[in-house]
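Novice: This is target-v5.txt (compact mmCIF, C-alpha atoms).
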# COMPACT_ATOMS: atom_id res chain seq x y z
CA MET Y 242 0.00 0.00 0.00
CA ARG Y 243 2.89 2.36 0.75
CA ARG Y 244 4.33 1.88 -2.74
CA THR Y 245 0.86 2.24 -4.29
CA LEU Y 246 0.23 5.53 -2.49
CA THR Y 247 3.69 6.75 -3.48
CA VAL Y 248 2.86 6.11 -7.15
CA ALA Y 249 -0.55 7.78 -6.69
CA ALA Y 250 1.04 10.88 -5.13
CA ARG Y 251 3.61 11.04 -7.93
CA GLU Y 252 0.90 10.72 -10.58
CA PHE Y 253 -1.21 13.43 -8.91
CA ARG Y 254 1.73 15.84 -8.61
CA HIS Y 255 2.86 15.16 -12.17
CA THR Y 256 -0.55 16.25 -13.45
CA ALA Y 257 -2.13 18.57 -10.89
CA LEU Y 258 0.90 20.69 -10.05
CA THR Y 259 1.70 21.70 -13.61
CA LYS Y 260 1.07 25.27 -14.76
CA GLY Y 261 -1.39 24.19 -17.43
CA PHE Y 262 -3.55 22.24 -15.01
CA ILE Y 263 -3.46 24.91 -12.32
CA ILE Y 264 -4.56 27.54 -14.84
CA GLY Y 265 -7.21 25.34 -16.49
CA ALA Y 266 -8.68 23.55 -13.47
CA ILE Y 267 -8.24 26.16 -10.74
CA GLY Y 268 -7.50 29.54 -12.33
CA VAL Y 269 -10.31 29.45 -14.88
CA PRO Y 270 -13.00 28.37 -12.36
CA ALA Y 271 -11.78 31.02 -9.93
CA LEU Y 272 -12.09 33.63 -12.66
CA MET Y 273 -15.57 32.32 -13.49
CA PHE Y 274 -16.55 32.68 -9.82
CA ALA Y 275 -15.56 36.35 -10.01
CA VAL Y 276 -17.43 36.89 -13.28
CA ILE Y 277 -20.67 35.10 -12.28
CA PRO Y 278 -22.15 38.10 -10.37
CA LEU Y 279 -21.68 40.15 -13.54
CA ILE Y 280 -23.44 37.64 -15.81
CA PRO Y 281 -26.89 39.33 -15.72
CA LYS Y 282 -25.32 42.64 -16.76
CA LEU Y 283 -23.07 41.05 -19.35
CA MET Y 284 -26.01 39.25 -20.94
CA ARG Y 285 -27.72 42.56 -21.65
CA SER Y 286 -26.78 44.20 -24.92
CA THR Y 287 -28.10 47.30 -26.64
CA PRO Y 288 -28.01 46.88 -30.43
CA PRO Y 289 -27.11 49.83 -32.67
CA PRO Y 290 -30.09 51.84 -33.97
CA LEU Y 291 -31.79 50.71 -37.18
CA GLU Y 292 -31.33 53.75 -39.41
CA GLY Y 293 -31.68 54.53 -43.13
CA ARG Y 294 -34.32 54.15 -45.81
CA ILE Y 295 -36.60 51.23 -46.52
CA VAL Y 296 -38.38 51.11 -49.87
CA VAL Y 297 -41.70 49.27 -50.26
CA VAL Y 298 -42.86 47.91 -53.61
CA ASP Y 299 -46.57 47.36 -52.92
CA ARG Y 300 -48.40 45.16 -55.41
CA VAL Y 301 -51.23 44.07 -53.11
CA GLY Y 302 -52.34 47.45 -51.71
CA ARG Y 303 -51.95 49.51 -48.49
CA VAL Y 304 -48.76 47.73 -47.34
CA ALA Y 305 -46.53 50.83 -47.39
CA GLU Y 306 -48.74 52.84 -45.05
CA SER Y 307 -49.26 49.79 -42.84
CA LEU Y 308 -45.48 49.34 -42.57
CA GLN Y 309 -45.12 52.79 -41.01
CA ALA Y 310 -47.70 51.87 -38.38
CA ALA Y 311 -46.08 48.48 -37.77
CA LEU Y 312 -42.73 50.14 -37.10
CA ALA Y 313 -44.34 52.14 -34.29
CA GLU Y 314 -45.57 48.98 -32.54
CA PRO Y 315 -43.50 47.59 -29.66
CA PRO Y 316 -41.38 44.62 -30.77
CA GLU Y 317 -41.99 41.01 -29.81
CA ARG Y 318 -39.52 40.09 -27.09
CA GLN Y 319 -38.00 36.76 -26.18
CA PRO Y 320 -38.45 35.65 -22.54
CA TRP Y 321 -34.86 36.61 -21.71
CA GLU Y 322 -34.96 40.04 -23.37
CA THR Y 323 -35.82 43.30 -21.63
CA GLN Y 324 -37.08 46.64 -22.86
CA ASP Y 325 -33.53 48.01 -22.74
CA GLU Y 326 -32.54 45.54 -25.46
CA ASP Y 327 -35.15 46.70 -27.99
CA VAL Y 328 -33.88 47.88 -31.37
CA ASP Y 329 -34.17 51.66 -31.77
CA VAL Y 330 -35.88 52.11 -35.17
CA ARG Y 331 -35.18 55.32 -37.11
CA LEU Y 332 -36.22 54.23 -40.59
CA THR Y 333 -37.69 56.33 -43.34
CA VAL Y 334 -40.37 54.47 -45.31
CA GLU Y 335 -40.61 55.25 -49.03
CA ALA Y 336 -43.21 53.78 -51.37
CA ALA Y 337 -42.11 52.84 -54.89
CA ALA Y 338 -44.39 52.32 -57.87
CA PRO Y 339 -45.66 48.75 -58.28
CA ASP Y 340 -43.86 48.54 -61.66
CA ALA Y 341 -40.58 49.98 -60.32
CA SER Y 342 -37.31 48.41 -61.46
CA ILE Y 343 -36.43 45.78 -58.87
CA ASP Y 344 -32.90 45.40 -60.24
CA GLY Y 345 -32.12 49.03 -59.58
CA LEU Y 346 -33.44 48.82 -56.03
CA ARG Y 347 -31.52 45.59 -55.43
CA SER Y 348 -28.28 47.33 -56.41
CA GLN Y 349 -29.02 50.06 -53.86
CA VAL Y 350 -29.47 47.42 -51.18
CA ALA Y 351 -26.20 45.78 -52.23
CA ASP Y 352 -24.21 49.03 -51.87
CA GLU Y 353 -26.06 49.78 -48.59
CA SER Y 354 -27.59 53.05 -49.77
CA LEU Y 355 -30.89 51.32 -48.89
CA ARG Y 356 -31.31 49.67 -45.52
CA ALA Y 357 -33.89 47.23 -46.89
CA LEU Y 358 -36.26 46.55 -49.78
CA LEU Y 359 -39.69 45.07 -49.05
CA ILE Y 360 -41.72 43.62 -51.93
CA ALA Y 361 -45.38 42.77 -51.26
CA ASP Y 362 -46.76 40.61 -54.07
CA ARG Y 363 -48.98 37.63 -54.79
CA SER Y 364 -47.76 34.12 -55.48
CA GLU Y 365 -48.81 32.05 -58.47
CA GLU Y 366 -51.57 30.55 -56.29
CA GLY Y 367 -52.83 34.05 -55.44
CA ALA Y 368 -51.62 34.12 -51.84
CA GLU Y 369 -50.15 37.35 -50.52
CA GLN Y 370 -46.48 37.21 -49.59
CA VAL Y 371 -43.67 39.53 -48.55
CA GLU Y 372 -40.04 39.36 -49.67
CA LEU Y 373 -37.41 41.24 -47.69
CA LEU Y 374 -33.99 42.10 -49.15
CA VAL Y 375 -31.23 43.31 -46.81
CA PRO Y 376 -27.46 43.94 -47.20
CA SER Y 377 -25.15 41.02 -46.48
CA THR Y 378 -23.54 43.06 -43.67
CA GLY Y 379 -26.85 43.69 -41.89
CA ASN Y 380 -27.18 43.16 -38.16
CA PRO Y 381 -29.14 39.92 -37.46
CA ARG Y 382 -31.27 41.68 -34.83
CA HIS Y 383 -32.13 44.37 -37.34
CA THR Y 384 -33.13 41.71 -39.85
CA ARG Y 385 -35.37 39.94 -37.31
CA ARG Y 386 -37.04 43.28 -36.51
CA LEU Y 387 -37.63 44.01 -40.21
CA GLU Y 388 -39.09 40.53 -40.76
CA GLU Y 389 -41.44 41.12 -37.83
CA VAL Y 390 -42.68 44.50 -39.07
CA GLY Y 391 -43.06 43.17 -42.62
CA ARG Y 392 -45.29 40.38 -41.36
CA LYS Y 393 -47.34 42.79 -39.28
CA ALA Y 394 -47.64 45.27 -42.15
CA LEU Y 395 -49.15 42.62 -44.42
CA VAL Y 396 -51.71 41.72 -41.76
CA ARG Y 397 -52.54 45.40 -41.19
CA ALA Y 398 -53.04 45.89 -44.95
CA ARG Y 399 -55.47 42.96 -45.13
CA VAL Y 400 -57.52 44.33 -42.23
CA ALA Y 401 -57.57 47.84 -43.75
CA ARG Y 402 -58.79 46.54 -47.12
CA GLN Y 403 -61.69 44.87 -45.30
CA GLY Y 404 -62.61 48.14 -43.61
CA GLN Y 405 -61.97 46.79 -40.11
CA ASP Y 406 -60.29 48.51 -37.17
CA TYR Y 407 -56.91 46.84 -36.67
CA GLY Y 408 -56.44 48.14 -33.13
CA GLN Y 409 -59.78 46.72 -31.99
CA LEU Y 410 -59.12 43.35 -33.62
CA GLN Y 411 -55.65 43.24 -32.16
CA GLU Y 412 -57.01 43.90 -28.69
CA LEU Y 413 -59.54 41.07 -29.09
CA MET Y 414 -56.91 38.65 -30.40
CA LYS Y 415 -54.19 39.71 -27.99
CA SER Y 416 -52.40 36.71 -26.48
CA GLU Y 417 -51.08 37.43 -23.02
CA ARG Y 418 -47.84 35.81 -21.91
CA VAL Y 419 -48.31 33.37 -19.06
CA ARG Y 420 -46.05 34.21 -16.15
CA THR Y 421 -44.87 30.90 -14.75
CA SER Y 422 -43.12 30.64 -11.40
CA ARG Y 423 -41.88 27.60 -9.55
CA ILE Y 424 -42.11 27.02 -5.82
CA SER Y 425 -39.10 25.47 -4.10
CA PRO Y 426 -39.47 22.95 -1.23
CA GLN Y 427 -38.66 25.85 1.12
CA GLY Y 428 -41.62 27.82 -0.23
CA GLU Y 429 -39.54 30.33 -2.20
CA GLN Y 430 -40.89 31.55 -5.54
CA ALA Y 431 -38.74 32.12 -8.63
CA THR Y 432 -39.36 32.69 -12.32
CA GLU Y 433 -39.44 29.45 -14.29
CA ARG Y 434 -37.06 29.21 -17.24
CA THR Y 435 -37.97 26.00 -19.01
CA GLU Y 436 -35.23 26.33 -21.64
CA LEU Y 437 -32.45 26.63 -19.08
CA ARG Y 438 -33.97 23.97 -16.85
CA ALA Y 439 -33.89 21.45 -19.71
CA LEU Y 440 -30.12 22.02 -19.93
CA VAL Y 441 -29.46 21.09 -16.29
CA PRO Y 442 -29.25 17.30 -16.98
CA MET Y 443 -26.92 18.05 -19.89
CA GLY Y 444 -24.78 20.08 -17.49
CA PHE Y 445 -24.53 17.16 -15.06
CA MET Y 446 -23.58 14.76 -17.83
CA LEU Y 447 -21.03 17.14 -19.37
CA LEU Y 448 -19.48 17.79 -15.96
CA LEU Y 449 -19.02 14.06 -15.44
CA TRP Y 450 -17.87 13.45 -19.02
CA VAL Y 451 -15.33 16.27 -19.23
CA THR Y 452 -13.70 15.76 -15.82
CA ILE Y 453 -13.36 12.01 -16.28
CA PHE Y 454 -12.22 12.14 -19.86
CA THR Y 455 -9.62 14.83 -19.14
CA SER Y 456 -7.92 12.85 -16.38
CA ALA Y 457 -8.27 9.56 -18.31
CA ASN Y 458 -6.57 11.19 -21.29
CA TYR Y 459 -3.75 12.33 -19.00
CA LEU Y 460 -3.47 8.71 -17.86
CA LEU Y 461 -3.28 7.44 -21.44
CA THR Y 462 -0.58 9.90 -22.54
CA SER Y 463 1.53 9.55 -19.38
CA THR Y 464 1.47 5.74 -19.64
CA ILE Y 465 2.54 5.86 -23.30
CA GLU Y 466 5.31 8.38 -22.51
CA GLU Y 467 6.63 6.30 -19.62
CA LYS Y 468 6.66 3.15 -21.72
CA SER Y 469 8.29 4.73 -24.79
CA SER Y 470 10.97 6.47 -22.67
CA ARG Y 471 11.67 3.27 -20.66
CA VAL Y 472 10.69 4.99 -17.39
CA MET Y 473 8.12 2.21 -16.98
CA GLU Y 474 10.94 -0.32 -16.59
CA VAL Y 475 12.50 1.73 -13.79
CA LEU Y 476 9.15 2.02 -12.00
CA LEU Y 477 8.50 -1.71 -12.33
CA SER Y 478 11.87 -2.45 -10.76
CA ALA Y 479 10.54 -0.94 -7.53
CA THR Y 480 6.83 -1.87 -7.73
CA SER Y 481 4.69 -4.65 -9.14
CA PRO Y 482 2.51 -4.01 -12.19
CA MET Y 483 -0.62 -4.07 -10.01
CA GLU Y 484 0.81 -1.57 -7.55
CA LEU Y 485 1.82 0.71 -10.42
CA LEU Y 486 -1.57 0.50 -12.14
CA THR Y 487 -3.48 1.05 -8.88
CA GLY Y 488 -1.34 4.04 -7.98
CA LYS Y 489 -1.78 5.62 -11.40
CA LEU Y 490 -5.56 5.11 -11.27
CA LEU Y 491 -5.82 6.60 -7.76
CA GLY Y 492 -3.58 9.56 -8.62
CA GLN Y 493 -5.61 10.53 -11.67
CA ALA Y 494 -8.81 9.97 -9.67
CA GLY Y 495 -7.65 12.79 -7.41
CA VAL Y 496 -7.07 14.98 -10.48
CA SER Y 497 -10.55 14.22 -11.76
CA LEU Y 498 -12.09 14.91 -8.34
CA VAL Y 499 -10.42 18.33 -8.15
CA MET Y 500 -11.84 19.26 -11.55
CA LEU Y 501 -15.29 17.94 -10.61
CA LEU Y 502 -15.40 20.04 -7.43
CA MET Y 503 -14.10 23.20 -9.10
CA TYR Y 504 -16.29 23.17 -12.19
CA GLY Y 505 -19.27 21.77 -10.28
CA GLY Y 506 -18.96 24.66 -7.85
CA VAL Y 507 -18.89 27.12 -10.74
CA GLY Y 508 -22.02 25.54 -12.20
CA LEU Y 509 -23.89 25.80 -8.90
CA ALA Y 510 -22.77 29.39 -8.48
CA GLY Y 511 -24.02 30.19 -11.99
CA LEU Y 512 -27.43 28.69 -11.22
CA GLY Y 513 -27.47 30.71 -8.02
CA ALA Y 514 -26.82 33.91 -9.99
CA LEU Y 515 -29.80 33.06 -12.19
CA THR Y 516 -31.94 32.23 -9.09
CA MET Y 517 -32.24 28.66 -10.33
CA LEU Y 518 -30.29 26.86 -7.64
CA ASP Y 519 -33.44 25.13 -6.42
CA VAL Y 520 -33.69 23.12 -9.68
CA VAL Y 521 -30.71 21.06 -8.50
CA ARG Y 522 -32.09 18.51 -6.08
CA LEU Y 523 -30.08 16.88 -3.33
CA SER Y 524 -30.76 13.51 -4.95
CA ASP Y 525 -29.09 14.76 -8.16
CA LEU Y 526 -25.89 15.55 -6.28
CA LEU Y 527 -25.99 12.19 -4.48
CA TRP Y 528 -26.45 10.30 -7.75
CA LEU Y 529 -23.55 12.26 -9.27
CA ALA Y 530 -21.35 11.36 -6.31
CA ALA Y 531 -22.33 7.69 -6.61
CA TRP Y 532 -21.72 7.48 -10.34
CA PHE Y 533 -18.47 9.44 -10.44
CA PRO Y 534 -16.09 6.70 -9.18
CA VAL Y 535 -17.83 4.06 -11.29
CA ALA Y 536 -17.59 6.16 -14.45
CA TYR Y 537 -14.00 7.17 -13.72
CA PHE Y 538 -12.60 3.68 -13.15
CA MET Y 539 -14.57 2.32 -16.11
CA VAL Y 540 -13.00 4.83 -18.51
CA ALA Y 541 -9.60 5.14 -16.84
CA VAL Y 542 -8.82 1.42 -16.90
CA ILE Y 543 -9.53 1.37 -20.64
CA MET Y 544 -7.06 4.20 -21.17
CA ALA Y 545 -4.43 2.67 -18.91
CA GLY Y 546 -4.72 -0.74 -20.58
CA VAL Y 547 -4.45 0.75 -24.07
CA GLY Y 548 -1.57 3.00 -23.00
CA SER Y 549 0.41 0.02 -21.72
CA ALA Y 550 -0.15 -1.94 -24.94
CA VAL Y 551 1.08 0.65 -27.47
CA ASN Y 552 4.25 2.64 -28.01
CA ASP Y 553 2.79 5.69 -29.74
CA LEU Y 554 -0.26 7.90 -29.24
CA ARG Y 555 -1.31 7.39 -32.85
CA ASP Y 556 -1.40 3.62 -32.35
CA ALA Y 557 -3.70 4.12 -29.36
CA GLN Y 558 -6.42 5.73 -31.46
CA SER Y 559 -7.34 2.50 -33.25
CA LEU Y 560 -7.76 0.65 -29.94
CA VAL Y 561 -9.56 3.44 -28.07
CA GLY Y 562 -11.87 4.17 -31.03
CA PRO Y 563 -14.65 1.66 -30.18
CA ALA Y 564 -14.79 2.88 -26.57
CA LEU Y 565 -14.92 6.50 -27.73
CA MET Y 566 -17.85 5.72 -30.03
CA ALA Y 567 -19.76 4.24 -27.10
CA LEU Y 568 -18.93 7.26 -24.96
CA MET Y 569 -20.29 9.59 -27.64
CA VAL Y 570 -23.77 8.03 -27.38
CA PRO Y 571 -24.85 10.25 -24.44
CA MET Y 572 -23.58 13.34 -26.27
CA VAL Y 573 -25.56 12.52 -29.41
CA LEU Y 574 -28.76 11.26 -27.78
CA TRP Y 575 -28.97 13.58 -24.78
CA LEU Y 576 -32.08 15.43 -25.97
CA PRO Y 577 -34.23 12.31 -26.67
CA ILE Y 578 -33.08 10.82 -23.36
CA VAL Y 579 -33.88 13.97 -21.36
CA GLU Y 580 -37.29 14.36 -23.02
CA ASN Y 581 -38.19 10.70 -22.44
CA PRO Y 582 -35.97 9.30 -19.64
CA ASN Y 583 -38.15 6.20 -19.26
CA GLY Y 584 -38.20 5.38 -22.97
CA ALA Y 585 -36.80 2.15 -24.35
CA LEU Y 586 -33.72 3.90 -25.79
CA ALA Y 587 -32.76 5.45 -22.45
CA VAL Y 588 -33.39 2.28 -20.46
CA ILE Y 589 -31.36 0.08 -22.81
CA PHE Y 590 -28.29 2.33 -22.83
CA SER Y 591 -28.44 2.59 -19.03
CA PHE Y 592 -27.09 -0.97 -18.93
CA ILE Y 593 -24.50 -0.79 -21.75
CA PRO Y 594 -21.00 0.20 -20.56
CA PRO Y 595 -19.08 2.44 -20.85
CA ALA Y 596 -22.00 4.75 -21.80
CA SER Y 597 -24.22 3.60 -18.92
CA PRO Y 598 -22.95 6.05 -16.23
CA PHE Y 599 -23.47 9.11 -18.41
CA VAL Y 600 -26.85 7.99 -19.76
CA THR Y 601 -28.12 7.13 -16.29
CA VAL Y 602 -27.03 10.51 -14.90
CA LEU Y 603 -28.98 12.15 -17.73
CA ARG Y 604 -32.06 10.10 -16.87
CA LEU Y 605 -31.89 10.61 -13.11
CA THR Y 606 -31.41 14.39 -13.28
CA ALA Y 607 -34.16 14.95 -15.88
CA VAL Y 608 -37.41 16.43 -14.56
CA THR Y 609 -39.73 15.50 -17.42
CA ASP Y 610 -40.57 12.04 -16.07
CA PRO Y 611 -39.32 10.61 -12.73
CA VAL Y 612 -37.15 7.51 -13.10
CA PRO Y 613 -37.96 4.69 -10.66
CA ALA Y 614 -35.29 4.48 -7.96
CA TRP Y 615 -34.90 0.74 -8.47
CA GLN Y 616 -33.80 1.32 -12.06
CA GLY Y 617 -31.09 3.72 -10.93
CA LEU Y 618 -29.89 1.30 -8.25
CA LEU Y 619 -29.99 -1.68 -10.63
CA ALA Y 620 -28.07 0.24 -13.29
CA LEU Y 621 -25.50 1.24 -10.65
CA ALA Y 622 -25.11 -2.38 -9.49
CA VAL Y 623 -24.66 -3.61 -13.06
CA ALA Y 624 -22.16 -0.83 -13.77
CA ILE Y 625 -20.14 -1.73 -10.65
CA LEU Y 626 -19.96 -5.37 -11.74
CA CYS Y 627 -18.92 -4.30 -15.25
CA THR Y 628 -16.29 -1.95 -13.78
CA LEU Y 629 -14.83 -4.74 -11.66
CA ALA Y 630 -14.67 -6.99 -14.69
CA MET Y 631 -13.02 -4.23 -16.74
CA LEU Y 632 -10.53 -3.55 -13.93
CA TRP Y 633 -9.61 -7.25 -13.86
CA ALA Y 634 -9.20 -7.40 -17.65
CA GLY Y 635 -7.36 -4.08 -17.81
CA ALA Y 636 -4.98 -5.14 -15.04
CA ARG Y 637 -4.05 -8.32 -16.92
CA ILE Y 638 -3.45 -6.33 -20.12
CA PHE Y 639 -1.35 -3.81 -18.18
CA ARG Y 640 0.69 -6.61 -16.60
CA VAL Y 641 1.67 -8.01 -20.01
CA GLY Y 642 1.82 -4.79 -22.02
CA ALA Y 643 3.90 -2.71 -19.60
CA LEU Y 644 7.14 -4.40 -20.66
CA MET Y 645 6.05 -5.43 -24.15
CA GLN Y 646 7.84 -3.72 -27.03
CA GLY Y 647 7.35 -4.03 -30.78
CA LYS Y 648 4.31 -3.76 -32.99
CA THR Y 649 0.93 -2.62 -31.77
CA PRO Y 650 -1.20 -5.59 -30.64
CA THR Y 651 -4.49 -6.35 -32.31
CA PRO Y 652 -7.75 -6.60 -30.34
CA ARG Y 653 -7.49 -10.40 -30.64
CA GLU Y 654 -4.02 -10.33 -29.07
CA LEU Y 655 -5.33 -8.16 -26.22
CA LEU Y 656 -7.97 -10.80 -25.52
CA ARG Y 657 -5.24 -13.41 -25.43
CA TRP Y 658 -3.29 -11.30 -22.92
CA ILE Y 659 -6.31 -11.31 -20.63
CA ARG Y 660 -6.26 -15.13 -20.55
CA VAL Y 661 -2.52 -15.31 -19.83
CA ARG Y 662 -1.85 -16.68 -16.34
Would you mind giving the structure from this file in structure tokens?
Specialist:
Amino acid sequence: MRRTLTVAAREFRHTALTKGFIIGAIGVPALMFAVIPLIPKLMRSTPPPLEGRIVVVDRVGRVAESLQAALAEPPERQPWETQDEDVDVRLTVEAAAPDASIDGLRSQVADESLRALLIADRSEEGAEQVELLVPSTGNPRHTRRLEEVGRKALVRARVARQGQDYGQLQELMKSERVRTSRISPQGEQATERTELRALVPMGFMLLLWVTIFTSANYLLTSTIEEKSSRVMEVLLSATSPMELLTGKLLGQAGVSLVMLLMYGGVGLAGLGALTMLDVVRLSDLLWLAAWFPVAYFMVAVIMAGVGSAVNDLRDAQSLVGPALMALMVPMVLWLPIVENPNGALAVIFSFIPPASPFVTVLRLTAVTDPVPAWQGLLALAVAILCTLAMLWAGARIFRVGALMQGKTPTPRELLRWIRVR
């Protein structure tokens, strides 16, 4: 145990006390902690005013005058936008003859002497439609505002041609925004943000994925470097292969844990700044703590086994490839899993390593449909058994591959190494 802990301490120092790691895993989160209180202010942005001329070619009737009225209407805001972020419109509306030369007006839009060109016409089927032409350098928020007023102007023109009062009809058809708030278990009330809340499970999964994969990649590269530089032979002269492997796994586990705590703390602080800390349940944190060591050892032993079997990082790619494809499943299917955590797809992948830890964390932290506790516990038990089996197989590969030199082994040869006594 003393030799194992010595190797673990060496592995931790070799990774965690480097400048790159200190900056990336400690400095960056510390900076994010300082920036988090400023996030609400930083998220606000005032776009430049929308100035210039807009020409309307009206071939359906009363669109030009309706456009001027539509520009005076307050804009449609997204849930996260405030009145301070509205586009200041200072446009001059000019009406062109229905038979005006479109090519000439298009050239004016291209050289930005016109802010926009709006053409109201009828399609071949007789339906009214609006075409908006803007310069290629136009501000996207300006374009969205022009699209909105063009749509409203066409509706206003239809109402005017029918002799109806647009303001009265608009008041009757007005759709009020529903203000939704959530109540925490402590009785506190906060504004509900469904879009951000749907990303919380993704945040848990990414936190687990990034921290584990970063330290496992360190483990892969350090093992390959030690083997290619013959440092592995020196280490094995003082320790057994199992002591060396165990120490390396424990040392990188400490690295991964540091990253998990730092970036997890930043995530919780960010949710606190958005008054959404109550969406993270205590059970979510407990499940994350339970799945972290299982996910780490499952991925790390693959990297350590592959690192001991090859002499070059490029050779490792062909052996790690299948495991990487399985680990990409949660990244690709996170949205279907979060939307339907009890679906057949989510349940099946909860029991397929090495993707099972990440998929199960997605399922358990989703709020769309509660996952039965027995499924989470069963998936955890199966994953622990699979991890033990992978640790046994990886240890046997490490024992043979640590001192093996020459060509890169094939997957069939790795299986034969596992059976070597």
Novice: Report the distance between atom CA of Arg522 of chain Y and atom CA of Thr606 of chain Y in Å, rounded to one decimal place.
Specialist: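 Calculated distance between atom CA of Arg522 of chain Y and atom CA of Thr606 of chain Y is 8.3 Å.
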Novice: Of the candidates Y:Leu644, Y:Ala368, Y:Val269, Y:Leu291, which shows the shortest atom-to-atom distance to Arg385 of chain Y, using all atoms listed in the file?
Specialist: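 The closest residue to Arg385 of chain Y is Y:Leu291.
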Novice: Of the candidates Y:Glu353, Y:Pro316, Y:Val499, Y:Leu358, which shows the shortest atom-to-atom distance to Glu335 of chain Y, using only C-alpha atoms?
Specialist: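 Closest candidate: Y:Leu358.
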Novice: Just to confirm, what's the straight-line distance from atom CA of Ala567 of chain Y to atom CA of Thr464 of chain Y in Å (one decimal)?
Specialist: 22.6 Å
Novice: In Å to one decimal, how far is atom CA of Gly506 of chain Y from atom CA of Gly488 of chain Y?
Specialist: 27.1 Å
Novice: Pick out the residues sitting within 7 Å of Ala596 of chain Y, and hand them over as a list in words; count all atoms listed in the file, and ignore anything fewer than 4 positions along from it in its own chain.
Specialist: Ala567, Leu568, Val570, Pro571, Phe590 and Val600 of chain Y
Novice: Just write the chosen residues, C-alpha atoms, as an mmCIF file, in the coordinates of the input.
Specialist:
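Saved to selection01.cif:
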data_model
loop_
_atom_site.group_PDB
_atom_site.id
_atom_site.type_symbol
_atom_site.label_atom_id
_atom_site.label_comp_id
_atom_site.auth_asym_id
_atom_site.auth_seq_id
_atom_site.Cartn_x
_atom_site.Cartn_y
_atom_site.Cartn_z
ATOM 1 C CA ALA Y 567 -19.760 4.240 -27.100
ATOM 2 C CA LEU Y 568 -18.930 7.260 -24.960
ATOM 3 C CA VAL Y 570 -23.770 8.030 -27.380
ATOM 4 C CA PRO Y 571 -24.850 10.250 -24.440
ATOM 5 C CA PHE Y 590 -28.290 2.330 -22.830
ATOM 6 C CA VAL Y 600 -26.850 7.990 -19.760
#
Novice: Can you sort out the box for segment 457-465 of chain Y, edges along x, y and z, all listed atoms in, 6 Å on every side, with centre and edge lengths in Å to one decimal, as lines of an AutoDock Vina configuration file?
Specialist:
center_x = -2.9
center_y = 9.0
center_z = -20.6
size_x = 22.8
size_y = 18.6
size_z = 17.4
Novice: Can you list, as a list of chain:residue names, every protein, DNA or RNA residue that comes within 8 Å of segment 527-529 of chain Y when you count all atoms listed in the file, leaving out same-chain residues fewer than 6 positions away?
Specialist: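 The filter keeps Y:Phe445, Y:Leu449, Y:Val602, Y:Leu605.
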